[in-house]
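What follows is the content of protein-v2.txt, which has compact mmCIF, C-alpha atoms:
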```txt
# COMPACT_ATOMS: atom_id res chain seq x y z
CA MET J 370 -10.38 9.25 2.00
CA GLN J 371 -9.77 8.64 5.68
CA ASP J 372 -6.40 7.62 7.04
CA ASN J 373 -5.81 3.89 7.63
CA ALA J 374 -4.63 4.65 11.17
CA MET J 375 -8.16 5.77 12.04
CA TRP J 376 -9.61 2.48 10.74
CA GLU J 377 -6.95 0.44 12.54
CA ALA J 378 -7.74 2.23 15.80
CA ARG J 379 -11.45 1.61 15.30
CA VAL J 380 -11.02 -2.13 14.68
CA LYS J 381 -8.61 -2.43 17.61
CA GLY J 382 -11.18 -0.68 19.81
CA LEU J 383 -13.97 -2.98 18.66
CA LEU J 384 -12.03 -6.13 19.52
CA LYS J 385 -10.75 -4.77 22.83
CA ALA J 386 -14.30 -3.75 23.79
CA GLU J 387 -15.61 -7.25 23.05
CA LEU J 388 -12.84 -8.78 25.17
CA LYS J 389 -13.54 -6.38 28.03
CA LYS J 390 -17.31 -6.90 27.82
CA ARG J 391 -16.77 -10.64 28.30
CA GLY J 392 -13.97 -10.28 30.86
CA VAL J 393 -11.50 -12.14 28.63
CA SER J 394 -7.79 -11.53 29.23
CA TYR J 395 -5.15 -11.99 26.55
CA LEU J 396 -4.05 -15.25 28.21
CA GLN J 397 -7.64 -16.50 28.21
CA LEU J 398 -7.93 -15.48 24.55
CA VAL J 399 -4.86 -17.61 23.76
CA GLU J 400 -6.59 -20.58 25.42
CA LYS J 401 -9.91 -19.93 23.66
CA LEU J 402 -8.19 -19.59 20.29
CA ALA J 403 -6.32 -22.85 20.90
CA ALA J 404 -9.67 -24.55 21.56
CA ILE J 405 -10.74 -23.72 18.00
CA GLY J 406 -7.38 -24.71 16.51
CA VAL J 407 -5.72 -21.29 16.29
CA VAL J 408 -2.21 -21.12 17.74
CA GLU J 409 -1.19 -17.69 19.03
CA SER J 410 1.04 -16.56 21.90
CA GLU J 411 0.05 -13.98 24.48
CA PRO J 412 2.86 -11.58 23.45
CA ASN J 413 1.82 -11.89 19.80
CA ILE J 414 -1.80 -11.07 20.62
CA ARG J 415 -0.72 -8.17 22.83
CA ASN J 416 1.41 -6.78 19.97
CA LYS J 417 -1.33 -7.20 17.36
CA LEU J 418 -3.85 -5.36 19.50
CA ALA J 419 -1.36 -2.65 20.49
CA ARG J 420 -0.57 -1.96 16.83
CA GLY J 421 -4.15 -2.39 15.67
CA LYS J 422 -2.89 -4.21 12.60
CA PHE J 423 -4.37 -7.64 12.15
CA THR J 424 -6.32 -9.46 9.50
CA ALA J 425 -10.07 -9.81 9.26
CA VAL J 426 -9.48 -13.53 9.68
CA PHE J 427 -7.81 -12.92 13.07
CA LEU J 428 -10.67 -10.64 14.11
CA VAL J 429 -13.30 -13.26 13.25
CA GLN J 430 -11.26 -16.02 14.92
CA CYS J 431 -11.11 -13.97 18.12
CA LEU J 432 -14.82 -13.15 18.01
CA GLU J 433 -15.68 -16.81 17.41
CA ALA J 434 -13.36 -17.96 20.21
CA ILE J 435 -14.95 -15.63 22.78
CA GLY J 436 -18.48 -16.52 21.73
CA ALA J 437 -19.45 -13.24 20.07
CA THR J 438 -22.38 -13.81 17.75
CA SER J 439 -22.62 -10.23 16.53
CA LEU J 440 -20.54 -7.08 16.41
CA ARG J 441 -21.98 -3.59 16.78
CA LEU J 442 -20.02 -1.09 14.72
CA SER J 443 -21.55 2.03 16.23
CA ASP J 444 -24.14 3.20 18.69
CA GLY J 445 -25.97 5.25 16.10
```
Let me see the structure of the file written as structure tokens.
Amino acid sequence: MQDNAMWEARVKGLLKAELKKRGVSYLQLVEKLAAIGVVESEPNIRNKLARGKFTAVFLVQCLEAIGATSLRLSDG
């Protein structure tokens, strides 16, 4: 069984890549989340992504807020 830290790093990388691809800053993410009714602060988002520990719900909320309609898990 693989270590959870590896999975956390992978999920963190997926979300950060989607933000970067769309040119969305953490502050812009706060605003986009607020537009769909999710209240988060910029420091809280920064901490969640730095740790790589956040719920699947938070991941989907972020993806929805930035307009992601799909998520590619690997290039292979």
Report, in Å with one decimal, the straight-line distance from CA of Glu411 (chain J) to CA of Lys385 (chain J). 14.3 Å
Just the residues within 12 Å of Lys401 (chain J), please, counting all atoms listed in the file, with nothing from its chain fewer than 6 positions along; format it as a PDB file with C-alpha atoms, keeping the file's coordinate frame.
```pdb
ATOM      1  CA  LEU J 388     -12.840  -8.780  25.170  1.00  0.00           C
ATOM      2  CA  VAL J 393     -11.500 -12.140  28.630  1.00  0.00           C
ATOM      3  CA  SER J 394      -7.790 -11.530  29.230  1.00  0.00           C
ATOM      4  CA  TYR J 395      -5.150 -11.990  26.550  1.00  0.00           C
ATOM      5  CA  VAL J 407      -5.720 -21.290  16.290  1.00  0.00           C
ATOM      6  CA  VAL J 408      -2.210 -21.120  17.740  1.00  0.00           C
ATOM      7  CA  GLU J 409      -1.190 -17.690  19.030  1.00  0.00           C
ATOM      8  CA  SER J 410       1.040 -16.560  21.900  1.00  0.00           C
ATOM      9  CA  GLU J 411       0.050 -13.980  24.480  1.00  0.00           C
ATOM     10  CA  GLN J 430     -11.260 -16.020  14.920  1.00  0.00           C
ATOM     11  CA  CYS J 431     -11.110 -13.970  18.120  1.00  0.00           C
ATOM     12  CA  LEU J 432     -14.820 -13.150  18.010  1.00  0.00           C
ATOM     13  CA  GLU J 433     -15.680 -16.810  17.410  1.00  0.00           C
ATOM     14  CA  ALA J 434     -13.360 -17.960  20.210  1.00  0.00           C
ATOM     15  CA  ILE J 435     -14.950 -15.630  22.780  1.00  0.00           C
ATOM     16  CA  GLY J 436     -18.480 -16.520  21.730  1.00  0.00           C
TER      17      GLY J 436
END
```
What is the distance between CA of Leu398 (chain J) and CA of Asp372 (chain J), in Å to one decimal? 29.0 Å
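Using all atoms listed in the file, the residues found no farther than 10 Å from Leu383 (chain J), other than those of its own chain fewer than 6 positions away, are J:Glu377, J:Lys389, J:Leu428, J:Leu440, J:Arg441, J:Leu442, J:Ser443.
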I need the residues from that last selection saved to file as a tab-separated table (two decimals), in the coordinates of the input (with C-alpha atoms), if you can.
```tsv
chain	number	residue	atom	x	y	z
J	377	GLU	CA	-6.95	0.44	12.54
J	389	LYS	CA	-13.54	-6.38	28.03
J	428	LEU	CA	-10.67	-10.64	14.11
J	440	LEU	CA	-20.54	-7.08	16.41
J	441	ARG	CA	-21.98	-3.59	16.78
J	442	LEU	CA	-20.02	-1.09	14.72
J	443	SER	CA	-21.55	2.03	16.23
```
CA of Ala404 (chain J) to CA of Thr438 (chain J), distance in Å rounded to a single decimal: 17.1 Å
Let me make sure I understand: among J:Leu396, J:Ser439, J:Leu402, J:Arg379, which one has the smallest atom-to-atom distance to Phe427 (chain J) if we use only C-alpha atoms? J:Leu402
Between J:Ala386, J:Val380, J:Ala374, J:Ile405, smallest distance to Thr424 (chain J) by only C-alpha atoms belongs to J:Val380
Model the absent atoms of region 408-425 of chain J so that N, CA and C atoms are present, and write the result as a PDB file, in the frame of the given file.
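Done, and the output landed in part_38.pdb:
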```pdb
ATOM      1  N   VAL J 408      -3.363 -21.222  16.853  1.00  0.00           N
ATOM      2  CA  VAL J 408      -2.210 -21.120  17.740  1.00  0.00           C
ATOM      3  C   VAL J 408      -1.672 -19.692  17.714  1.00  0.00           C
ATOM      4  N   GLU J 409      -1.724 -19.043  18.856  1.00  0.00           N
ATOM      5  CA  GLU J 409      -1.190 -17.690  19.030  1.00  0.00           C
ATOM      6  C   GLU J 409      -0.536 -17.629  20.406  1.00  0.00           C
ATOM      7  N   SER J 410       0.439 -16.768  20.582  1.00  0.00           N
ATOM      8  CA  SER J 410       1.040 -16.560  21.900  1.00  0.00           C
ATOM      9  C   SER J 410       0.473 -15.282  22.502  1.00  0.00           C
ATOM     10  N   GLU J 411       0.542 -15.189  23.809  1.00  0.00           N
ATOM     11  CA  GLU J 411       0.050 -13.980  24.480  1.00  0.00           C
ATOM     12  C   GLU J 411       0.802 -12.729  24.015  1.00  0.00           C
ATOM     13  N   PRO J 412       2.152 -12.777  23.933  1.00  0.00           N
ATOM     14  CA  PRO J 412       2.860 -11.580  23.450  1.00  0.00           C
ATOM     15  C   PRO J 412       2.458 -11.193  22.021  1.00  0.00           C
ATOM     16  N   ASN J 413       2.222 -12.182  21.167  1.00  0.00           N
ATOM     17  CA  ASN J 413       1.820 -11.890  19.800  1.00  0.00           C
ATOM     18  C   ASN J 413       0.458 -11.200  19.763  1.00  0.00           C
ATOM     19  N   ILE J 414      -0.471 -11.698  20.552  1.00  0.00           N
ATOM     20  CA  ILE J 414      -1.800 -11.070  20.620  1.00  0.00           C
ATOM     21  C   ILE J 414      -1.692  -9.662  21.175  1.00  0.00           C
ATOM     22  N   ARG J 415      -0.904  -9.502  22.227  1.00  0.00           N
ATOM     23  CA  ARG J 415      -0.720  -8.170  22.830  1.00  0.00           C
ATOM     24  C   ARG J 415      -0.163  -7.192  21.789  1.00  0.00           C
ATOM     25  N   ASN J 416       0.818  -7.640  21.003  1.00  0.00           N
ATOM     26  CA  ASN J 416       1.410  -6.780  19.970  1.00  0.00           C
ATOM     27  C   ASN J 416       0.416  -6.445  18.868  1.00  0.00           C
ATOM     28  N   LYS J 417      -0.344  -7.451  18.411  1.00  0.00           N
ATOM     29  CA  LYS J 417      -1.330  -7.200  17.360  1.00  0.00           C
ATOM     30  C   LYS J 417      -2.345  -6.162  17.798  1.00  0.00           C
ATOM     31  N   LEU J 418      -2.838  -6.301  19.030  1.00  0.00           N
ATOM     32  CA  LEU J 418      -3.850  -5.360  19.500  1.00  0.00           C
ATOM     33  C   LEU J 418      -3.246  -3.988  19.792  1.00  0.00           C
ATOM     34  N   ALA J 419      -2.014  -3.942  20.232  1.00  0.00           N
ATOM     35  CA  ALA J 419      -1.360  -2.650  20.490  1.00  0.00           C
ATOM     36  C   ALA J 419      -1.177  -1.882  19.178  1.00  0.00           C
ATOM     37  N   ARG J 420      -0.777  -2.595  18.126  1.00  0.00           N
ATOM     38  CA  ARG J 420      -0.570  -1.960  16.830  1.00  0.00           C
ATOM     39  C   ARG J 420      -1.895  -1.675  16.119  1.00  0.00           C
ATOM     40  N   GLY J 421      -2.881  -2.531  16.377  1.00  0.00           N
ATOM     41  CA  GLY J 421      -4.150  -2.390  15.670  1.00  0.00           C
ATOM     42  C   GLY J 421      -4.088  -2.911  14.248  1.00  0.00           C
ATOM     43  N   LYS J 422      -3.052  -3.673  13.950  1.00  0.00           N
ATOM     44  CA  LYS J 422      -2.890  -4.210  12.600  1.00  0.00           C
ATOM     45  C   LYS J 422      -3.002  -5.724  12.659  1.00  0.00           C
ATOM     46  N   PHE J 423      -4.161  -6.213  12.233  1.00  0.00           N
ATOM     47  CA  PHE J 423      -4.370  -7.640  12.150  1.00  0.00           C
ATOM     48  C   PHE J 423      -5.406  -7.896  11.067  1.00  0.00           C
ATOM     49  N   THR J 424      -5.443  -9.130  10.608  1.00  0.00           N
ATOM     50  CA  THR J 424      -6.320  -9.460   9.500  1.00  0.00           C
ATOM     51  C   THR J 424      -7.770  -9.607   9.953  1.00  0.00           C
ATOM     52  N   ALA J 425      -8.653  -9.549   8.985  1.00  0.00           N
ATOM     53  CA  ALA J 425     -10.070  -9.810   9.260  1.00  0.00           C
ATOM     54  C   ALA J 425     -10.235 -11.238   9.746  1.00  0.00           C
TER      55      ALA J 425
END
```
